[in-house]
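Source file: structure_20.txt; contents: compact mmCIF, C-alpha atoms.
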# COMPACT_ATOMS: atom_id res chain seq x y z
CA MET A 153 89.30 170.42 15.28
CA ALA A 154 86.11 168.54 16.07
CA ASP A 155 82.94 170.56 16.54
CA VAL A 156 81.54 169.20 19.83
CA HIS A 157 77.93 169.78 20.92
CA LEU A 158 77.02 169.05 24.56
CA PRO A 159 73.66 168.59 26.35
CA THR A 160 72.36 171.18 28.80
CA THR A 161 72.18 168.52 31.52
CA LEU A 162 75.99 168.43 31.36
CA THR A 163 76.80 172.09 30.86
CA ALA A 164 74.68 172.99 33.90
CA LEU A 165 77.12 171.12 36.13
CA PHE A 166 80.32 173.02 35.21
CA ASP A 167 81.19 176.68 35.28
CA ASP A 168 81.68 178.12 31.79
CA LEU A 169 81.27 174.80 29.98
CA PRO A 170 79.63 175.86 26.69
CA ARG A 171 77.02 173.98 24.69
CA ARG A 172 79.33 174.00 21.68
CA LEU A 173 83.13 174.07 21.46
CA GLU A 174 86.01 172.99 19.25
CA VAL A 175 88.29 170.21 20.48
CA ASP A 176 91.54 168.88 19.03
CA ALA A 177 91.27 165.09 19.39
CA ALA A 178 91.68 161.91 17.32
CA THR A 179 88.91 159.91 18.99
CA VAL A 180 85.78 160.44 21.06
CA ALA A 181 87.68 159.27 24.15
CA GLU A 182 90.39 161.84 23.51
CA ALA A 183 87.83 164.57 23.08
CA ILE A 184 86.37 163.73 26.50
CA GLU A 185 89.89 163.72 27.98
CA ARG A 186 90.47 167.22 26.59
CA LEU A 187 87.23 168.35 28.27
CA GLU A 188 88.29 166.66 31.51
CA GLU A 189 91.57 168.60 31.53
CA ARG A 190 89.73 171.88 31.51
CA TRP A 191 86.59 170.92 33.43
CA PRO A 192 87.58 168.23 35.96
CA GLY A 193 84.73 165.83 36.58
CA VAL A 194 83.27 165.89 33.08
CA GLN A 195 84.54 162.40 32.30
CA ALA A 196 82.70 160.86 35.26
CA ARG A 197 79.47 162.44 34.08
CA LEU A 198 79.82 160.91 30.61
CA CYS A 199 81.57 157.61 31.34
CA GLU A 200 81.57 154.91 33.94
CA PRO A 201 84.70 152.96 34.90
CA GLY A 202 86.09 150.99 32.01
CA PRO A 203 85.72 153.52 30.62
CA VAL A 204 82.47 153.10 28.71
CA LEU A 205 79.82 155.70 28.04
CA HIS A 206 77.00 155.89 30.57
CA ARG A 207 74.09 153.81 29.30
CA HIS A 208 71.92 156.74 28.24
CA ILE A 209 74.69 158.97 26.95
CA HIS A 210 74.72 158.58 23.18
CA VAL A 211 77.47 160.02 21.00
CA TYR A 212 77.13 160.64 17.29
CA VAL A 213 80.08 161.43 15.03
CA ASP A 214 79.03 162.97 11.76
CA ARG A 215 75.49 161.71 12.43
CA GLU A 216 76.57 158.09 13.04
CA ARG A 217 76.10 156.42 16.46
CA SER A 218 79.60 156.10 17.87
CA ALA A 219 81.67 154.77 20.76
CA LEU A 220 84.67 156.01 22.70
CA ASP A 221 87.12 154.54 20.18
CA THR A 222 85.46 156.13 17.15
CA SER A 223 87.93 158.21 15.15
CA LEU A 224 87.38 161.89 14.58
CA GLY A 225 88.22 163.71 11.38
CA THR A 226 89.63 167.20 11.37
CA ARG A 227 86.18 168.63 10.73
CA SER A 228 83.98 166.07 12.46
CA ARG A 229 80.82 167.10 14.23
CA VAL A 230 80.34 165.32 17.59
CA ASP A 231 76.89 165.35 19.19
CA VAL A 232 76.65 164.19 22.82
CA ILE A 233 73.03 163.36 23.59
CA ALA A 234 71.28 162.69 26.90
CA ALA A 235 68.94 160.08 25.44
CA ILE A 236 65.83 158.09 26.27
CA SER A 237 65.18 158.42 29.95
CA GLY A 238 61.43 158.77 30.20
CA GLY A 239 59.47 161.49 31.99
CA MET B 207 63.28 177.95 69.88
CA SER B 208 64.69 176.26 66.80
CA ARG B 209 63.48 176.33 63.24
CA THR B 210 62.54 173.05 61.59
CA LEU B 211 63.95 171.93 58.26
CA LEU B 212 62.51 169.08 56.22
CA LEU B 213 64.72 167.56 53.55
CA LEU B 214 62.86 165.85 50.72
CA GLY B 215 64.49 163.47 48.29
CA THR B 216 62.35 163.23 45.18
CA ARG B 217 62.44 161.76 41.73
CA LYS B 218 63.15 165.27 40.42
CA GLY B 219 65.62 166.75 42.84
CA CYS B 220 65.95 167.74 46.47
CA PHE B 221 63.44 170.13 48.05
CA LEU B 222 63.58 171.89 51.41
CA LEU B 223 60.64 172.86 53.60
CA GLU B 224 61.37 175.27 56.42
CA SER B 225 59.27 176.46 59.33
CA GLU B 226 59.63 178.59 62.41
CA SER B 227 59.36 176.89 65.79
CA ASP B 228 55.57 176.62 65.61
CA ARG B 229 55.84 174.19 62.66
CA ARG B 230 52.66 175.73 61.16
CA GLU B 231 53.78 177.80 58.18
CA TRP B 232 56.14 176.15 55.73
CA LYS B 233 58.25 177.70 53.00
CA LEU B 234 59.26 175.45 50.11
CA ARG B 235 62.53 175.81 48.22
CA GLY B 236 63.82 173.75 45.29
CA PRO B 237 64.23 171.76 43.20
CA PHE B 238 67.94 171.48 43.90
CA CYS B 239 70.63 169.17 42.52
CA GLU B 240 69.69 170.05 38.92
CA SER B 241 66.57 167.93 39.46
CA TRP B 242 68.59 164.73 39.52
CA PRO B 243 66.72 161.82 41.11
CA VAL B 244 67.57 162.15 44.83
CA TYR B 245 67.10 158.99 46.86
CA HIS B 246 67.99 160.42 50.25
CA ALA B 247 69.00 163.80 51.69
CA VAL B 248 70.32 164.40 55.19
CA HIS B 249 71.47 167.32 57.34
CA ASP B 250 74.70 167.07 59.34
CA ALA B 251 74.06 168.93 62.59
CA ALA B 252 77.78 169.20 63.38
CA SER B 253 78.86 170.93 60.16
CA GLY B 254 75.54 172.33 58.99
CA ALA B 255 76.00 170.65 55.61
CA ILE B 256 73.28 168.99 53.57
CA TYR B 257 74.13 165.85 51.61
CA ALA B 258 71.95 164.37 48.86
CA ALA B 259 72.46 160.93 47.31
CA ALA B 260 71.57 161.15 43.65
CA ALA B 261 71.70 158.94 40.58
CA SER B 262 71.18 160.50 37.18
CA GLU B 263 70.13 158.17 34.40
CA TRP B 264 72.42 160.15 32.13
CA HIS B 265 75.34 161.28 34.23
CA GLY B 266 75.82 158.53 36.82
CA SER B 267 75.77 158.53 40.61
CA ALA B 268 77.09 161.26 42.87
CA VAL B 269 76.59 162.90 46.24
CA TRP B 270 75.57 166.55 46.17
CA ARG B 271 76.44 168.78 49.11
CA SER B 272 75.48 172.24 50.27
CA GLY B 273 77.18 174.13 53.07
CA ASP B 274 74.66 176.97 53.13
CA LEU B 275 71.31 175.23 53.56
CA GLY B 276 70.68 174.87 49.86
CA GLU B 277 71.80 178.23 48.51
CA THR B 278 74.69 176.66 46.58
CA TRP B 279 75.48 173.07 45.70
CA ALA B 280 78.39 170.99 44.41
CA LEU B 281 78.60 167.34 43.52
CA SER B 282 81.30 164.71 43.64
CA SER B 283 81.69 161.08 42.67
CA GLU B 284 85.48 161.03 43.08
CA GLY B 285 86.33 157.57 44.39
CA LEU B 286 82.70 156.49 44.32
CA ALA B 287 83.35 153.43 42.16
CA TYR B 288 84.37 149.81 42.54
CA ASP B 289 87.61 148.46 41.15
CA GLU B 290 87.10 147.89 37.45
CA ASP B 291 88.44 144.34 37.51
CA ARG B 292 85.83 143.05 39.94
CA GLY B 293 82.88 143.61 37.66
CA ARG B 294 80.89 145.50 40.26
CA LYS B 295 79.20 148.71 39.27
CA VAL B 296 77.86 151.60 41.32
CA SER B 297 74.51 152.03 39.60
CA LYS B 298 72.84 153.98 42.38
CA VAL B 299 73.61 155.81 45.61
CA SER B 300 70.68 155.00 47.86
CA THR B 301 71.15 156.18 51.40
CA LEU B 302 73.29 158.47 53.54
CA ALA B 303 74.36 158.71 57.16
CA VAL B 304 76.70 161.01 59.05
CA THR B 305 78.55 159.50 61.98
CA ASP B 306 81.65 160.49 63.90
CA GLY B 307 82.71 163.11 61.35
CA ARG B 308 82.37 160.75 58.42
CA VAL B 309 79.75 160.69 55.70
CA LEU B 310 78.65 157.19 54.73
CA VAL B 311 76.78 156.39 51.55
CA GLY B 312 75.16 153.07 50.72
CA VAL B 313 75.09 152.03 47.10
CA GLU B 314 73.88 149.44 44.61
CA ALA B 315 75.56 146.94 43.96
CA PRO B 316 75.64 146.57 47.75
CA GLY B 317 78.47 148.43 49.41
CA ILE B 318 79.21 151.40 51.66
CA PHE B 319 81.59 154.22 50.75
CA GLU B 320 82.89 156.79 53.21
CA SER B 321 84.10 160.37 53.02
CA GLY B 322 86.26 162.07 55.62
CA ASP B 323 86.41 165.40 53.78
CA GLY B 324 82.81 166.44 53.75
CA GLY B 325 81.80 164.62 50.59
CA GLU B 326 84.54 165.90 48.31
CA SER B 327 86.04 162.43 47.83
CA TRP B 328 85.05 158.89 48.68
CA SER B 329 86.63 155.52 49.36
CA LEU B 330 85.18 152.05 49.67
CA LEU B 331 84.50 151.05 53.28
CA THR B 332 82.88 147.64 52.84
CA THR B 333 80.96 145.34 50.56
CA LEU B 334 80.10 143.06 53.48
CA ALA B 335 82.07 140.40 51.64
CA GLY B 336 82.00 136.97 53.20
CA GLN B 337 78.46 137.18 54.50
CA PRO B 338 76.38 134.11 53.59
CA GLY B 339 75.33 134.37 49.96
CA SER B 340 77.11 137.65 49.38
CA GLU B 341 78.69 136.35 46.18
CA ALA B 342 75.22 136.48 44.61
CA TRP B 343 74.71 140.15 45.47
CA ASP B 344 76.75 141.17 42.43
CA ASP B 345 74.64 139.16 40.00
CA PRO B 346 72.72 141.64 37.82
CA ALA B 347 69.83 139.15 37.83
CA ASN B 348 69.47 139.90 41.54
CA GLN B 349 69.38 143.64 40.97
CA PRO B 350 66.06 144.44 39.30
CA PRO B 351 65.03 148.03 38.50
CA GLY B 352 64.24 149.84 41.69
CA HIS B 353 66.73 147.84 43.70
CA LEU B 354 68.59 149.96 46.21
CA GLY B 355 71.40 147.62 47.30
CA ILE B 356 72.18 149.11 50.68
CA SER B 357 68.84 150.62 51.65
CA ALA B 358 69.79 152.11 55.02
CA ILE B 359 72.69 152.87 57.36
CA ILE B 360 71.67 153.40 60.98
CA PRO B 361 74.35 155.05 63.15
CA ASP B 362 74.76 154.77 66.91
CA ALA B 363 74.91 158.36 68.14
CA ASP B 364 77.06 157.29 71.10
CA ASP B 365 79.65 155.25 69.18
CA GLY B 366 80.87 156.21 65.72
CA SER B 367 82.30 152.76 65.04
CA HIS B 368 78.99 151.08 65.76
CA PHE B 369 76.22 151.01 63.19
CA TRP B 370 73.77 148.83 61.35
CA THR B 371 73.00 148.46 57.68
CA ILE B 372 70.23 146.88 55.64
CA VAL B 373 71.01 144.95 52.48
CA GLN B 374 67.78 145.01 50.52
CA GLY B 375 66.19 141.56 50.35
CA VAL B 376 68.98 140.04 52.45
CA GLY B 377 68.65 141.42 55.96
CA LEU B 378 70.07 143.50 58.78
CA PHE B 379 73.75 143.55 59.71
CA GLU B 380 75.66 145.12 62.62
CA THR B 381 79.27 146.29 62.87
CA GLY B 382 81.11 147.28 66.01
CA ASP B 383 84.42 148.13 64.38
CA GLY B 384 83.56 150.84 61.90
CA GLY B 385 82.55 148.50 59.08
CA SER B 386 85.42 146.01 59.00
CA THR B 387 83.41 143.05 60.25
CA TRP B 388 79.66 142.42 60.23
CA THR B 389 77.19 140.15 61.99
CA PRO B 390 73.71 139.27 60.65
CA ARG B 391 70.95 140.37 63.04
CA ASN B 392 67.86 138.63 61.74
CA ARG B 393 67.11 135.99 64.36
CA GLY B 394 63.39 135.53 64.90
CA LEU B 395 62.29 137.31 61.73
CA ARG B 396 59.74 135.72 59.44
CA ALA B 397 60.25 134.94 55.77
CA ASP B 398 57.52 133.50 53.57
CA TRP B 399 59.94 132.25 50.92
CA PRO B 400 62.69 129.63 50.67
CA ARG B 401 66.08 130.72 51.97
CA GLU B 402 69.48 129.24 51.26
CA HIS B 403 71.12 130.47 54.44
CA GLU B 404 69.82 130.41 58.00
CA GLU B 405 70.97 133.88 58.99
CA VAL B 406 70.04 135.89 55.89
CA GLY B 407 67.34 136.09 53.23
CA PHE B 408 64.99 138.45 55.06
CA CYS B 409 63.37 141.51 53.59
CA VAL B 410 63.93 144.31 56.07
CA HIS B 411 62.30 147.50 54.82
CA ARG B 412 63.01 149.93 57.64
CA LEU B 413 64.77 149.85 61.01
CA VAL B 414 64.37 152.50 63.69
CA ARG B 415 65.89 152.64 67.16
CA SER B 416 64.53 154.25 70.30
CA PRO B 417 66.63 157.26 71.29
CA THR B 418 65.83 156.57 74.94
CA ASP B 419 66.63 152.84 75.03
CA PRO B 420 69.56 151.60 72.93
CA GLY B 421 68.25 148.05 73.02
CA ARG B 422 64.79 148.85 71.70
CA MET B 423 64.36 148.61 67.93
CA TYR B 424 61.44 148.31 65.60
CA GLN B 425 61.38 147.19 62.01
CA GLN B 426 58.86 147.20 59.20
CA ASN B 427 59.56 144.05 57.28
CA HIS B 428 58.14 142.85 53.97
CA VAL B 429 56.24 140.39 56.15
CA GLY B 430 55.23 141.94 59.41
CA MET B 431 56.18 144.42 62.07
CA HIS B 432 58.86 143.30 64.47
CA ARG B 433 60.39 144.47 67.73
CA SER B 434 63.72 143.83 69.40
CA ASP B 435 64.51 144.49 73.05
CA ASP B 436 68.16 143.47 72.81
CA GLY B 437 69.63 145.71 70.14
CA GLY B 438 68.61 143.52 67.23
CA HIS B 439 70.03 140.25 68.54
CA SER B 440 66.55 138.74 68.49
CA TRP B 441 63.18 139.78 67.07
CA ARG B 442 59.52 139.08 67.80
CA GLU B 443 56.58 139.89 65.58
CA ILE B 444 54.07 142.58 66.61
CA THR B 445 51.83 142.68 63.53
CA ASP B 446 48.52 141.81 65.24
CA GLY B 447 46.15 144.77 65.16
CA LEU B 448 47.50 146.32 61.96
CA PRO B 449 45.44 146.30 58.74
CA THR B 450 48.25 144.76 56.70
CA GLU B 451 51.60 143.20 57.49
CA PHE B 452 53.27 145.16 54.68
CA GLY B 453 54.66 148.67 54.59
CA PHE B 454 57.87 150.58 54.21
CA ALA B 455 58.07 153.52 56.59
CA ALA B 456 58.53 153.60 60.36
CA ALA B 457 59.41 156.10 63.09
CA ALA B 458 60.34 155.79 66.76
CA HIS B 459 59.16 158.31 69.36
CA PRO B 460 62.09 160.41 70.62
CA HIS B 461 61.10 160.28 74.30
CA ASP B 462 59.06 157.11 74.80
CA ARG B 463 60.57 153.70 74.04
CA ASP B 464 57.15 152.09 73.66
CA THR B 465 55.71 154.52 71.10
CA PHE B 466 56.28 153.79 67.47
CA TYR B 467 54.64 154.68 64.12
CA VAL B 468 54.11 152.77 60.88
CA ILE B 469 52.18 153.23 57.64
CA PRO B 470 50.67 149.91 56.55
CA LEU B 471 50.23 149.47 52.79
CA ASP B 472 48.49 147.07 50.43
CA PRO B 473 51.15 144.40 49.79
CA GLY B 474 50.14 143.78 46.16
CA HIS B 475 50.90 145.84 43.13
CA ALA B 476 49.23 148.93 44.60
CA ARG B 477 51.47 149.39 47.62
CA CYS B 478 49.15 152.20 48.69
CA MET B 479 47.27 152.85 51.90
CA PRO B 480 44.34 150.37 51.98
CA GLU B 481 40.91 151.34 50.60
CA GLY B 482 42.04 154.78 49.49
CA ARG B 483 41.90 156.00 53.10
CA ALA B 484 45.08 157.53 54.46
CA ALA B 485 46.29 156.65 57.94
CA VAL B 486 49.34 156.39 60.13
CA TRP B 487 49.26 153.77 62.88
CA ARG B 488 50.72 154.21 66.35
CA THR B 489 51.46 151.93 69.23
CA ARG B 490 52.03 153.25 72.75
CA ASP B 491 52.69 149.84 74.28
CA ALA B 492 55.54 148.51 72.12
CA GLY B 493 53.24 146.83 69.64
CA GLU B 494 50.77 145.13 71.96
CA SER B 495 48.02 147.31 70.48
CA TRP B 496 47.71 149.75 67.58
CA GLN B 497 45.77 152.96 67.03
CA ARG B 498 44.69 154.30 63.64
CA LEU B 499 45.52 158.01 63.21
CA ASP B 500 43.66 159.66 60.35
CA ARG B 501 42.30 163.00 61.54
CA GLY B 502 43.11 165.53 58.82
CA LEU B 503 44.24 162.90 56.34
CA PRO B 504 42.16 162.24 53.18
CA GLN B 505 39.66 159.43 53.72
CA ARG B 506 38.35 158.99 50.22
CA ASP B 507 40.04 158.19 46.89
CA ALA B 508 43.47 158.75 48.44
CA HIS B 509 45.74 156.12 46.94
CA LEU B 510 48.89 157.22 48.69
CA GLY B 511 52.14 155.31 48.84
CA VAL B 512 54.88 156.09 51.35
CA LEU B 513 58.34 154.63 50.81
CA ARG B 514 60.82 153.36 53.38
CA ALA B 515 62.65 156.59 54.09
CA ALA B 516 59.68 158.92 53.74
CA LEU B 517 58.43 159.17 57.35
CA ALA B 518 60.34 161.31 59.85
CA ILE B 519 59.84 162.42 63.45
CA ASP B 520 61.46 165.39 65.17
CA GLY B 521 62.79 165.62 68.71
CA ASP B 522 60.52 168.31 70.14
CA ASP B 523 58.89 167.86 73.55
CA VAL B 524 55.68 167.15 71.65
CA PRO B 525 57.15 165.51 68.56
CA GLY B 526 56.13 166.39 65.03
CA LEU B 527 55.78 163.76 62.34
CA TYR B 528 56.15 164.24 58.61
CA PHE B 529 55.58 161.91 55.67
CA GLY B 530 55.92 162.32 51.93
CA THR B 531 53.97 160.39 49.34
CA SER B 532 54.63 158.81 46.00
CA THR B 533 52.18 161.35 44.57
CA GLY B 534 54.04 164.39 45.88
CA GLN B 535 52.21 165.46 49.02
CA VAL B 536 53.78 166.13 52.42
CA PHE B 537 51.62 165.72 55.53
CA ALA B 538 52.63 166.90 58.99
CA SER B 539 51.46 166.44 62.54
CA THR B 540 52.54 168.58 65.48
CA ASP B 541 50.72 166.55 68.12
CA GLU B 542 52.38 163.15 67.98
CA GLY B 543 50.19 162.01 65.10
CA ASP B 544 46.77 162.79 66.59
CA SER B 545 45.97 165.20 63.73
CA TRP B 546 47.50 165.99 60.37
CA SER B 547 47.59 168.67 57.71
CA GLU B 548 48.97 168.86 54.20
CA ILE B 549 51.97 171.21 54.09
CA ALA B 550 53.07 170.68 50.48
CA ALA B 551 51.61 169.19 47.32
CA TYR B 552 52.25 168.83 43.59
CA LEU B 553 55.83 167.75 44.21
CA PRO B 554 57.51 164.93 42.29
CA PRO B 555 57.27 161.45 43.79
CA ILE B 556 58.88 161.65 47.23
CA TRP B 557 61.43 159.01 48.16
CA SER B 558 62.73 160.35 51.47
CA VAL B 559 61.88 162.80 54.26
CA GLU B 560 64.34 163.80 56.97
CA VAL B 561 63.87 166.43 59.65
CA ALA B 562 66.48 168.68 61.28
CA ALA B 563 66.34 171.32 64.00
CA LEU B 564 68.14 174.55 63.09
CA ASP B 565 69.42 176.96 65.72
Would you encode the structure as structure tokens?
Amino acid sequence: MADVHLPTTLTALFDDLPRRLEVDAATVAEAIERLEERWPGVQARLCEPGPVLHRHIHVYVDRERSALDTSLGTRSRVDVIAAISGG
Amino acid sequence: MSRTLLLLGTRKGCFLLESESDRREWKLRGPFCESWPVYHAVHDAASGAIYAAAASEWHGSAVWRSGDLGETWALSSEGLAYDEDRGRKVSKVSTLAVTDGRVLVGVEAPGIFESGDGGESWSLLTTLAGQPGSEAWDDPANQPPGHLGISAIIPDADDGSHFWTIVQGVGLFETGDGGSTWTPRNRGLRADWPREHEEVGFCVHRLVRSPTDPGRMYQQNHVGMHRSDDGGHSWREITDGLPTEFGFAAAAHPHDRDTFYVIPLDPGHARCMPEGRAAVWRTRDAGESWQRLDRGLPQRDAHLGVLRAALAIDGDDVPGLYFGTSTGQVFASTDEGDSWSEIAAYLPPIWSVEVAALD
């Protein structure tokens, strides 16, 4: 199970979406799909059609900058960051 | 007597200002929409709903809606996307209109989406494909930061299938069939730059229509003020008497077809009111002459900008006017612009002001 950490800008938009949760997924894309199943609309807030991550949504897997196709290990930590947007 | 509601779209969310019928004391609420950048917010008189067009730099574009005057909000972007294989991207939702039970939203890259279910889901209405030069509208090189794509949708209150839209930097277009076909309406406008096509290539900033005369329109253009007496089929310039030819905002008097308001700005980098002295300008003779209105507005060191959707006028017997600034102030007049007072300050940069009468 991946240990997924989400930004407050995202959790504020969905009832009961926690800052941190465990997700059973093989890739970053799958992890987002699991979130989408439980909180419909999450995917659109993280990805644009393609799908690709929104420009200023950065994902790190085990501290490495990652993409949707990045593989997750059974104990990976996934950090979703709302990055670099100015004041 | 009705209450008055002002809807402010700002760089950090939607705000609401509400007053009793005297329009003297104002109560501010907000920020709403999780402080997403809100380009435009409107009130639908028929349903009572508020819609706010927002584009988060992190979480994409969406339309927020509130059915209880801002107490609770929800957002949706379901269907608010172009087909993936066409290469177009919805980078921003810029402007909203409610007409004939539909909500319309204009986006960048240029296109209009519609919702028939109160903003819960959206579908593409038009990209104005086939208009001269429209193939270039999708080129990212033609979409610099700050570009709005569709910058306005202007409904006809008497005919839900009839409306106008502005494609930023391209011009004004009219549809009479609900958005299926479009006709450029830019004849007689000035352009101080080379154009590839005769009918388009004009920089229309703001279009307003007289509620008392369907044929009478005014527009603030990048170069000059212009008037139409035939519903936009032809235009003549009415800039003489104004301090600059440039500005964004405009408002048409609700009861007098010849009275119209603009806020001229420095056309250079500043894009503020000239000389640090704030003023709204009014014509009462359809642009033959102009009057500077500055009583109650700051006349020293006031470098105020007002964007294209940030001046509104209500429909009272003696109309009130309201404008929001790029430095977060809201000024109001309850005497047709003769005098002004500041009714809010210290807000984020204001991008739009709309006014609604509440029962």
Inset, instruction - Could you list the residues in chain A lying within 7 Å of chain B, using all atoms listed in the file, and format the result as a VMD selection string? - result: chain A and resid 197 to 198 201 to 202 206 208 to 209 234 237
Legend entry - Length of the CA of Gln535 in chain B to CA of Val468 in chain B vector [Å]: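 Calculated distance between CA of Gln535 in chain B and CA of Val468 in chain B is 17.5 Å.
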Legend entry - Contacts of range 218-225 of chain A within 10 Å, only C-alpha atoms, excl. fewer than 2 positions in-chain, as a PyMOL selection string: chain A and resi 153-155+176-184+199+203-205+210-216+227-232
Inset, instruction - Using all atoms listed in the file, find the one residue out of B:Ile469, B:Gly366, B:Thr216, B:Thr305 that sits nearest to Tyr552 in chain B. - result: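 Under the stated criterion, the closest residue is B:Thr216.
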Legend entry - Å distance separating CA of Asp523 in chain B from CA of Leu223 in chain B, one decimal place: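 Atom-to-atom, CA of Asp523 in chain B and CA of Leu223 in chain B are spaced 20.6 Å apart.
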Inset, instruction - Choose the residue, out of B:Pro346, B:Gly215, B:Gly430, B:Pro316, that has the smallest atom-to-atom separation from Ile256 in chain B; count all atoms listed in the file. - result: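 Using all atoms listed in the file, Ile256 in chain B sits closest to B:Gly215.
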Legend entry - Shell around Ala397 in chain B at 12 Å using only C-alpha atoms, local window under 6 positions removed, as JSON, numbers by chain: {"B": [375, 376, 377, 403, 404, 405, 406, 407, 408, 409, 410, 427, 428, 429, 430, 443]}
Mind working out the centre and edge lengths of an axis-aligned box for range 464-472 of chain B, all listed atoms inside, 5 Å added to each side, rounded to one decimal in Å and written as JSON?
{"center_x": 52.8, "center_y": 150.9, "center_z": 62.0, "size_x": 18.7, "size_y": 17.6, "size_z": 33.2}
Env of Glu380 in chain B: 8 Å cut, atoms = all atoms listed in the file, seq-sep filter 3 positions within chain, self excluded. Answer as an mmCIF file with C-alpha atoms, in the coordinates of the input.
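Okay, selection_28.cif is ready:
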data_model
loop_
_atom_site.group_PDB
_atom_site.id
_atom_site.type_symbol
_atom_site.label_atom_id
_atom_site.label_comp_id
_atom_site.auth_asym_id
_atom_site.auth_seq_id
_atom_site.Cartn_x
_atom_site.Cartn_y
_atom_site.Cartn_z
ATOM 1 C CA HIS B 368 78.990 151.080 65.760
ATOM 2 C CA PHE B 369 76.220 151.010 63.190
ATOM 3 C CA TRP B 370 73.770 148.830 61.350
ATOM 4 C CA THR B 371 73.000 148.460 57.680
ATOM 5 C CA TRP B 388 79.660 142.420 60.230
ATOM 6 C CA THR B 389 77.190 140.150 61.990
ATOM 7 C CA PRO B 390 73.710 139.270 60.650
ATOM 8 C CA ARG B 391 70.950 140.370 63.040
#
Inset, instruction - Would you work out the distance separating CA of Asp344 in chain B from CA of Thr381 in chain B, expressed in Å to one decimal? - result: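 Straight-line distance from CA of Asp344 in chain B to CA of Thr381 in chain B works out to 21.2 Å.
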Legend entry - Residues near Pro170 in chain A, cut-off 9 Å, all atoms listed in the file, skip fewer than 6 positions along chain, as a ChimeraX atom specification: /A:157-158,160,163
